[in-house]
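Below is one structure; the comments refer to it alone.
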Amino acid sequence: RCVVLRFLKSPLNQNKTSEEILHHLQNIVDFGKHVMKQFFGENYVHHGEIIQLPLDFVRQLCLKIQPERPESRCDKDMDTLSGYAMCLPNLTRLQTYRFVEHKPILCIEIKPKCGFIPFSNHVSQEVKHKVCRYCMHQHLKVANGKWKRPSKYCPLDLFSGNKQRMHFALKSLLQEAQNNLKIFKNGELIYGCKDDQDCASDWNELAHHLKPFFFPSNGLVSGPHCTRTIVKELIHVITMTLLSSTDTCRAGDMKTVPISQGRSYCEASAFNKELVRNGKHKLESSGLPRGCLLYKTLQAQMLDMLDIEGLYPLYSRVEQYLEEFPEERSTLQIDGPYNEVFYEKLLDLSTEDDGTVAFALTKVQQYRIAMTAKDCSIMIALSPCLQDECSEQRPVVLTSKSRFTFSVSVLDLDLKPYESIPHQYKLDGKIVNYYLKNVQAKDDPVMSSLFKENEDCTLVLHKV
């Protein structure tokens, strides 16, 4: 059985006691088991279990992996003192059934980010009702030097359910992977985030890895045509698996937030801009199948019903209450336990503020769930199978020359910290202000008036 060990990490010189580490890990397991499984379904969430390992083994393991840790992660210490760790399935492998280990496995990890535009009337800047958070944030990240250029990926295209838009979104992710896309072969990373990447050479290398999966008979000629064909096949397979439903379990008792409340497109999306340039004005939004993981992810994200601008005053109300009654923190379950009682309190979707701490706390907890869903990763594991090997119990996706059995899982489901809300509030202001000042102000004002939902496209001619 192929498993992953996860150790708690903490900032340098901030070592926790063994009891604190055990409690923290237990909270992570309970949150996945009692809360996120209710949103996503049994087959998609793998909460793992806590194990205790010999300290000598942990120290040796730490010494072995330390040189391979990315520099950006070395500001945190791996816990080598408690011996506690989480044991999780390796999600780069198939999860749906027992499989033959020698079969090659391809795994695509996607961090889709937030798939809707705020519909809250608490939003103070109109641009937030038109341009999604991800597209605005790209410009600030480039300005701060995190990336060299903005990605053309827009989460609303991926979450649209429209295959043309989804294909465009996935192609954009493959062109600028950033932290949002990784590809593994037999558990080893073969494609991921390189900011200075030459897309063409990287795609050729990727195609070389993928060719045996998609064209096993090797009948396709090499060269640019071959690379484009293989990338196209990969995008098709990812789209079909994302739209599939591999979980018969009903996702909890959540009343769903009407997706129609949110705008179905983002004005900054490169796909939309291309439509405008081509004189098209109507965007088809096919909608997501209710059972697929993208739909469930979007529903959890849309628990952010008030936007951070509407949420922040409620957070301040809870903070004020805790200042007066600090002993109530455990009763309010801010730091857990994340059990069935915690989940039940999330089911109230009312947005009418009655002025109580209870209402404020419910919205704060729902926001934390939404933020978790906005930052989760989707893992798609694929393994080639012959026609006679594919039974009805195994989900299968077809390409032009091959067929795959697959599993879809979700990970990175640690609950976002209560203490991070002020940071999110400040960051939201920074993202919007930078976009208004440096991007929207420079855009052609005619462009935005050309593209309005449910309105005919108007051609505006200027004298030259």
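Going by the structure tokens order, chains are called A, B, ..., each with residues numbered from 1, while ligands are numbered from 1 in the order shown.
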> Near Leu288 of chain A, within 12 Å and counting only C-alpha atoms, which residues show up once chain neighbours fewer than 3 positions away are dropped, as a list in words?
Replying inline: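 Final neighbour list, sorted by chain and number: Gly115, Leu156, Asp157, Leu158, Phe159, Ser160, Gly161, Asn162, Lys163, Met166, Thr239, Met240, Leu242, Leu243, Ser244, Ser245, Ile259, Ser260, Ser264, Ser285, Gly291, Cys292, Leu293, Leu294, Tyr295, Lys296, Thr297, Leu298 and Gln299 of chain A.
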Counting only C-alpha atoms, what is within 12 Å of Tyr435 of chain A, bar same-chain residues fewer than 4 positions away, as an mmCIF file with C-alpha atoms, in the first residue's frame?
data_model
loop_
_atom_site.group_PDB
_atom_site.id
_atom_site.type_symbol
_atom_site.label_atom_id
_atom_site.label_comp_id
_atom_site.auth_asym_id
_atom_site.auth_seq_id
_atom_site.Cartn_x
_atom_site.Cartn_y
_atom_site.Cartn_z
ATOM 1 C CA GLN A 125 -16.283 48.492 -5.602
ATOM 2 C CA VAL A 127 -15.280 46.058 -10.368
ATOM 3 C CA LYS A 128 -15.630 43.114 -7.953
ATOM 4 C CA VAL A 131 -13.792 40.814 -12.597
ATOM 5 C CA CYS A 132 -12.943 37.731 -10.554
ATOM 6 C CA ARG A 133 -10.528 37.753 -7.621
ATOM 7 C CA TYR A 134 -8.002 35.470 -9.361
ATOM 8 C CA CYS A 135 -7.688 37.657 -12.479
ATOM 9 C CA MET A 136 -7.267 40.818 -10.367
ATOM 10 C CA HIS A 137 -4.742 39.161 -8.035
ATOM 11 C CA GLN A 138 -2.575 38.085 -10.992
ATOM 12 C CA HIS A 139 -1.612 41.718 -11.671
ATOM 13 C CA LEU A 140 -0.601 42.377 -8.052
ATOM 14 C CA LYS A 141 1.467 39.159 -7.981
ATOM 15 C CA VAL A 142 3.341 40.163 -11.147
ATOM 16 C CA ALA A 143 3.934 43.672 -9.713
ATOM 17 C CA ALA A 268 -10.971 40.073 -17.579
ATOM 18 C CA ASP A 428 -8.750 42.144 -0.697
ATOM 19 C CA GLY A 429 -8.399 45.937 -0.514
ATOM 20 C CA LYS A 430 -4.846 45.788 -1.910
ATOM 21 C CA ILE A 431 -5.859 43.548 -4.839
ATOM 22 C CA VAL A 439 -5.069 47.909 -14.899
ATOM 23 C CA GLN A 440 -8.633 49.077 -15.353
ATOM 24 C CA ALA A 441 -7.604 52.736 -15.706
ATOM 25 C CA LYS A 442 -5.329 51.782 -18.621
ATOM 26 C CA ASP A 443 -7.860 49.556 -20.373
#
> In Å, how far is it from atom CA of Gly32 of chain A to atom CA of Leu94 of chain A?
Replying inline: 19.6 Å
> Leaving out Thr241 of chain A and any residue of its chain fewer than 3 positions from it, which residues lie within 10 Å of it when counting only C-alpha atoms, given as a list of chain:residue names?
Replying inline: A:His236, A:Val237, A:Ile238, A:Ser244, A:Ser245, A:Thr246, A:Cys292, A:Leu293, A:Ile380, A:Ala381, A:Leu382, A:Pro395, A:Val396, A:Val397, A:Thr405, A:Phe406, A:Ser407, A:Val408
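The residues of segment 367-426 of chain A that DSSP assigns to helix (DSSP H, G or I) on this backbone come out as Tyr367, Arg368, Ile369, Ala370, Met371, Thr372, Ala373, Lys374, Gln387, Asp388, Glu389, Tyr418, Glu419, Ser420, Ile421, Pro422, His423, Gln424, Tyr425 and Lys426 of chain A.
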How would the residues just chosen look if you wrote them out with N, CA and C atoms as a short mmCIF file (atom, residue, chain, number, x, y, z; two decimals), in the first residue's frame?
data_model
loop_
_atom_site.label_atom_id
_atom_site.label_comp_id
_atom_site.auth_asym_id
_atom_site.auth_seq_id
_atom_site.Cartn_x
_atom_site.Cartn_y
_atom_site.Cartn_z
N TYR A 367 -17.54 31.24 6.14
CA TYR A 367 -16.50 31.90 5.35
C TYR A 367 -15.21 31.08 5.39
N ARG A 368 -14.86 30.55 6.56
CA ARG A 368 -13.64 29.74 6.69
C ARG A 368 -13.73 28.48 5.83
N ILE A 369 -14.92 27.86 5.79
CA ILE A 369 -15.13 26.69 4.93
C ILE A 369 -14.95 27.10 3.47
N ALA A 370 -15.57 28.24 3.09
CA ALA A 370 -15.48 28.73 1.71
C ALA A 370 -14.04 28.97 1.31
N MET A 371 -13.26 29.59 2.21
CA MET A 371 -11.86 29.88 1.92
C MET A 371 -11.06 28.58 1.75
N THR A 372 -11.40 27.57 2.53
CA THR A 372 -10.76 26.26 2.41
C THR A 372 -11.04 25.68 1.03
N ALA A 373 -12.32 25.76 0.60
CA ALA A 373 -12.71 25.22 -0.71
C ALA A 373 -12.08 26.01 -1.86
N LYS A 374 -11.84 27.32 -1.63
CA LYS A 374 -11.21 28.15 -2.68
C LYS A 374 -9.74 27.81 -2.85
N GLN A 387 -9.82 -2.80 -23.12
CA GLN A 387 -11.29 -2.89 -23.10
C GLN A 387 -11.78 -4.03 -22.21
N ASP A 388 -11.10 -5.18 -22.25
CA ASP A 388 -11.60 -6.32 -21.46
C ASP A 388 -11.27 -6.18 -19.97
N GLU A 389 -10.40 -5.19 -19.62
CA GLU A 389 -10.07 -4.98 -18.21
C GLU A 389 -11.06 -4.04 -17.53
N TYR A 418 -9.06 31.06 11.80
CA TYR A 418 -9.93 32.18 12.20
C TYR A 418 -9.12 33.48 12.20
N GLU A 419 -7.85 33.38 12.65
CA GLU A 419 -7.00 34.57 12.79
C GLU A 419 -6.59 35.19 11.45
N SER A 420 -6.82 34.48 10.35
CA SER A 420 -6.37 34.99 9.04
C SER A 420 -7.37 35.98 8.42
N ILE A 421 -8.54 36.15 9.04
CA ILE A 421 -9.59 37.00 8.44
C ILE A 421 -9.15 38.46 8.28
N PRO A 422 -8.51 39.10 9.28
CA PRO A 422 -8.04 40.48 9.06
C PRO A 422 -7.06 40.58 7.89
N HIS A 423 -6.19 39.58 7.75
CA HIS A 423 -5.24 39.57 6.63
C HIS A 423 -5.99 39.51 5.30
N GLN A 424 -7.03 38.66 5.24
CA GLN A 424 -7.82 38.53 4.01
C GLN A 424 -8.52 39.85 3.66
N TYR A 425 -8.98 40.54 4.68
CA TYR A 425 -9.67 41.83 4.48
C TYR A 425 -8.70 42.87 3.88
N LYS A 426 -7.49 42.93 4.45
CA LYS A 426 -6.49 43.88 3.94
C LYS A 426 -6.04 43.51 2.53
#
Write out as a PDB file with all heavy atoms, in the first residue's frame the residues lying within 9 Å of Cys2 of chain A, counting only C-alpha atoms and excluding same-chain residues fewer than 4 positions away.
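Once written, selection05.pdb looks like this:
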ATOM      1  N   PRO A  89      -3.485   8.315   2.049  1.00  0.00           N
ATOM      2  CA  PRO A  89      -3.220   7.607   0.794  1.00  0.00           C
ATOM      3  C   PRO A  89      -2.453   8.517  -0.158  1.00  0.00           C
ATOM      4  O   PRO A  89      -2.592   9.739  -0.103  1.00  0.00           O
ATOM      5  CB  PRO A  89      -4.632   7.310   0.253  1.00  0.00           C
ATOM      6  CG  PRO A  89      -5.526   8.283   0.924  1.00  0.00           C
ATOM      7  CD  PRO A  89      -4.916   8.602   2.253  1.00  0.00           C
ATOM      8  N   ASN A  90      -1.642   7.929  -1.010  1.00  0.00           N
ATOM      9  CA  ASN A  90      -0.917   8.689  -2.024  1.00  0.00           C
ATOM     10  C   ASN A  90      -1.886   8.985  -3.170  1.00  0.00           C
ATOM     11  O   ASN A  90      -2.226   8.105  -3.963  1.00  0.00           O
ATOM     12  CB  ASN A  90       0.280   7.881  -2.521  1.00  0.00           C
ATOM     13  CG  ASN A  90       1.109   8.643  -3.537  1.00  0.00           C
ATOM     14  OD1 ASN A  90       0.710   9.700  -4.017  1.00  0.00           O
ATOM     15  ND2 ASN A  90       2.264   8.099  -3.869  1.00  0.00           N
ATOM     16  N   ARG A  93      -1.845   8.124  -6.948  1.00  0.00           N
ATOM     17  CA  ARG A  93      -2.223   6.774  -7.387  1.00  0.00           C
ATOM     18  C   ARG A  93      -3.741   6.681  -7.447  1.00  0.00           C
ATOM     19  O   ARG A  93      -4.444   7.511  -6.889  1.00  0.00           O
ATOM     20  CB  ARG A  93      -1.704   5.708  -6.407  1.00  0.00           C
ATOM     21  CG  ARG A  93      -0.289   5.893  -5.936  1.00  0.00           C
ATOM     22  CD  ARG A  93       0.749   5.716  -7.007  1.00  0.00           C
ATOM     23  NE  ARG A  93       0.759   4.363  -7.574  1.00  0.00           N
ATOM     24  CZ  ARG A  93       1.682   3.939  -8.448  1.00  0.00           C
ATOM     25  NH1 ARG A  93       2.648   4.740  -8.824  1.00  0.00           N
ATOM     26  NH2 ARG A  93       1.638   2.723  -8.940  1.00  0.00           N
TER      27      ARG A  93
END
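The spacing separating atom CA of Lys182 of chain A from atom CA of Asp414 of chain A amounts to 20.0 Å.
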